[in-house]
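Heads up: the structure comes next, in structure tokens.
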Amino acid sequence: MNKVLLGLLLGAVLGAVDGGTAWFTPEVRPEMAMIIVGSTFKGLVGGILIGFFARKVNSVPLGILFGLAVGALLALAIAAMPDGLTGKHYYVQIIVPGSLVGLIVGYATQKYGAAPATTPATR
Amino acid sequence: MKFLSDKALERLREGAETPDLAGTRYRLLERIARGGMGVVYTAEDENLRRRVALKVLDVPGTDVNRLIREARVLAALEHPGIVPVHDVGTLADGRVFYTMKFVEGKRLDKFIVSVASVPDRLRIFLRICDAVAFAHARGVLHRDLKPANIMVGPFGEVLVMDWGLAKILRETSNSAGEADPEATIFEKPKQTNISSDATEISVVTGHGTVMGTPRYMSPEQARGDVEHLDARSDIFSLGRLLRFLLSGKPEVVPIPGGHRLDKSLAAICAKATEAAPAERYPNVPEMALDVSKYLDGLAVGAHRESTFDKAGRFYRRYRFFILLIAAYLAMRVLILLFMHR
């Protein structure tokens, strides 16, 4: 599977799972659908960015760092928005798992994503 | 009457064997080793001012024309994993010599001690397979594949040496040859007497019939069934070589307290060393493919896996990824516990 597609799929799946864990926080349960859609979208965006990075830079440590940074930044953007019902910010609950999801996608795209096929040189 | 000591006899024998290179462009430097078909020396090519390995073929009764033709065919084996033959000629005393690239490196059996990781050992093995497959594609069987005939150079290059016992199945279009070489090269030995305490020394018996090294030779080669030898005979030797690389012994020897060979690798070795050639890998690339699959964490053709084996392989292949997911889930649980305190 190519790196961008792998990043996209993994980002979406892990994003959805990440959003789904909000169910364990009773006060935000009424917003579950919104949270899952938002988290999946965040995962998709992060996954595509990380996948494109993996296509350009072939390095597992750099991929992990980039994934971590992208995951953290996107999660920060979400966490900066207060919860609609409680008005509280859930920085730790959103940024820590979001960063780790980015790290996992960064590692996976570097390690398991297929590099784009090179076209043979033509005269 | 006074008897000569073994040491003195050895010195006398060496003196008699020392080739006279007068009339050639080579100057003898030192003796390196004895191979299956002769003695290898280092020599200096006085025209090109470079060191070469010079092998003097000294098996009695060997057809000189055959050896020269063989050298020509081997010279056509231009591959990074095969030591190139530079020159071939005849000494004043009628013995034939080859000169080859002088490789400064370590024999595989010595080098492998410093290679701890199984994947690194398998990568070395794949490079040997690459060279042998190339030779097979050119119609040449090595017939004496063993650790002592593999050199690892200072830059990690892997070279298959000592093609002196090679069997030429068919000659390539650019090599000289009038008759079917198989018809003239080989003659069935009258008797093969291979001791059970296998030796690492190449055995040459009968009228130019080349046998190989007992611990590494295929059963059909040991029987002297030279007419029916094909690539699968070298595959047997490769199987033994692979087992040596993985366990230090070419045969299946249970080592009390020693680690057991991975099932897939053991199956590859077992398939390559089946007694019946038809049961072995049909060619070297197929064997190499199985080894590559193992390296990539995929199922190998030689081993039918149970569900447990498959799960184990999946875990080994994606170990770090699985651990990351587990870390993520653990962290999630910790956050939840922290929130609900």
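As shown in the structure tokens, the chain order sets the letters A, B, ...; within each chain, residues go from 1, and ligands are also counted from 1 in the order they appear.
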Can you tell me, as a ChimeraX atom specification, what residues are no more than 10 Å from A:Pro61 when counting only C-alpha atoms, ignoring any on the same chain fewer than 3 positions away?
/A:58,64-67,103,106-107,110
Out of stretch 1-96 of chain A, which residues get helix (DSSP H, G or I) from DSSP, as number ranges by chain?
A: 3-24, 26-56, 60-79, 91-96
Could you give me, as JSON lines, a per-residue list for chain B showing, wherever an atom lies at most 12 Å from an atom of chain A, the closest pair of atoms and their distance in Å to one decimal, using only C-alpha atoms and sorting by chain then residue number from low to high?
```
{"residue": "B:Asp296", "atom": "CA", "partner": "A:Tyr112", "partner_atom": "CA", "distance": 11.1}
{"residue": "B:Arg317", "atom": "CA", "partner": "A:Tyr112", "partner_atom": "CA", "distance": 10.3}
{"residue": "B:Tyr318", "atom": "CA", "partner": "A:Tyr112", "partner_atom": "CA", "distance": 9.2}
{"residue": "B:Arg319", "atom": "CA", "partner": "A:Ala108", "partner_atom": "CA", "distance": 11.5}
{"residue": "B:Phe320", "atom": "CA", "partner": "A:Tyr107", "partner_atom": "CA", "distance": 9.1}
{"residue": "B:Phe321", "atom": "CA", "partner": "A:Ala108", "partner_atom": "CA", "distance": 7.0}
{"residue": "B:Ile322", "atom": "CA", "partner": "A:Ile104", "partner_atom": "CA", "distance": 9.7}
{"residue": "B:Leu323", "atom": "CA", "partner": "A:Ile104", "partner_atom": "CA", "distance": 9.9}
{"residue": "B:Leu324", "atom": "CA", "partner": "A:Ile104", "partner_atom": "CA", "distance": 6.4}
{"residue": "B:Ile325", "atom": "CA", "partner": "A:Ile104", "partner_atom": "CA", "distance": 7.4}
{"residue": "B:Ala326", "atom": "CA", "partner": "A:Ile104", "partner_atom": "CA", "distance": 10.8}
{"residue": "B:Ala327", "atom": "CA", "partner": "A:Leu100", "partner_atom": "CA", "distance": 8.8}
{"residue": "B:Tyr328", "atom": "CA", "partner": "A:Leu100", "partner_atom": "CA", "distance": 6.5}
{"residue": "B:Leu329", "atom": "CA", "partner": "A:Pro97", "partner_atom": "CA", "distance": 9.0}
{"residue": "B:Ala330", "atom": "CA", "partner": "A:Pro97", "partner_atom": "CA", "distance": 10.4}
{"residue": "B:Met331", "atom": "CA", "partner": "A:Pro97", "partner_atom": "CA", "distance": 7.5}
{"residue": "B:Arg332", "atom": "CA", "partner": "A:Pro97", "partner_atom": "CA", "distance": 6.9}
{"residue": "B:Val333", "atom": "CA", "partner": "A:Thr21", "partner_atom": "CA", "distance": 9.4}
{"residue": "B:Leu334", "atom": "CA", "partner": "A:Gln93", "partner_atom": "CA", "distance": 10.2}
{"residue": "B:Ile335", "atom": "CA", "partner": "A:Gln93", "partner_atom": "CA", "distance": 6.6}
{"residue": "B:Leu336", "atom": "CA", "partner": "A:Phe24", "partner_atom": "CA", "distance": 7.1}
{"residue": "B:Leu337", "atom": "CA", "partner": "A:Phe24", "partner_atom": "CA", "distance": 10.0}
{"residue": "B:Phe338", "atom": "CA", "partner": "A:Gln93", "partner_atom": "CA", "distance": 9.9}
{"residue": "B:Met339", "atom": "CA", "partner": "A:Thr25", "partner_atom": "CA", "distance": 8.2}
{"residue": "B:His340", "atom": "CA", "partner": "A:Thr25", "partner_atom": "CA", "distance": 8.6}
```
Got time to write the residues from that selection, C-alpha atoms, as a compact mmCIF listing (two decimals), in the first residue's frame?
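Generated output (result.txt):
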```txt
# COMPACT_ATOMS: atom_id res chain seq x y z
CA ASP B 296 10.36 -10.12 5.03
CA ARG B 317 6.65 -8.87 11.64
CA TYR B 318 4.61 -6.07 13.20
CA ARG B 319 6.05 -6.23 16.69
CA PHE B 320 6.86 -2.55 17.09
CA PHE B 321 3.58 -1.45 15.54
CA ILE B 322 1.60 -3.76 17.82
CA LEU B 323 3.52 -2.46 20.82
CA LEU B 324 2.74 1.12 19.78
CA ILE B 325 -0.97 0.35 19.55
CA ALA B 326 -0.78 -1.39 22.94
CA ALA B 327 1.00 1.67 24.38
CA TYR B 328 -1.72 3.89 22.93
CA LEU B 329 -4.48 1.76 24.50
CA ALA B 330 -2.64 1.61 27.82
CA MET B 331 -2.27 5.37 27.78
CA ARG B 332 -5.97 5.74 27.00
CA VAL B 333 -6.87 3.54 29.96
CA LEU B 334 -4.55 5.57 32.20
CA ILE B 335 -6.20 8.83 31.12
CA LEU B 336 -9.63 7.38 31.83
CA LEU B 337 -8.55 6.16 35.26
CA PHE B 338 -7.01 9.56 35.96
CA MET B 339 -10.24 11.33 34.93
CA HIS B 340 -12.46 9.14 37.03
```
So how far away is atom CA of B:Ala53 from atom CA of B:Lys167, in Å?
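Spanning atom CA of B:Lys167 to atom CA of B:Ala53 is a straight-line distance of 21.5 Å.
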Contact residues around B:Asp87 with only C-alpha atoms at 9 Å, ignoring same-chain residues under 4 positions, as a VMD selection string:
chain B and resid 71 to 72 75 97 to 100
Please indicate the distance in Å from atom CA of B:Val226 to atom CA of B:Pro277, rounded to one decimal place.
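Pair atom CA of B:Val226 / atom CA of B:Pro277 returns 13.3 Å.
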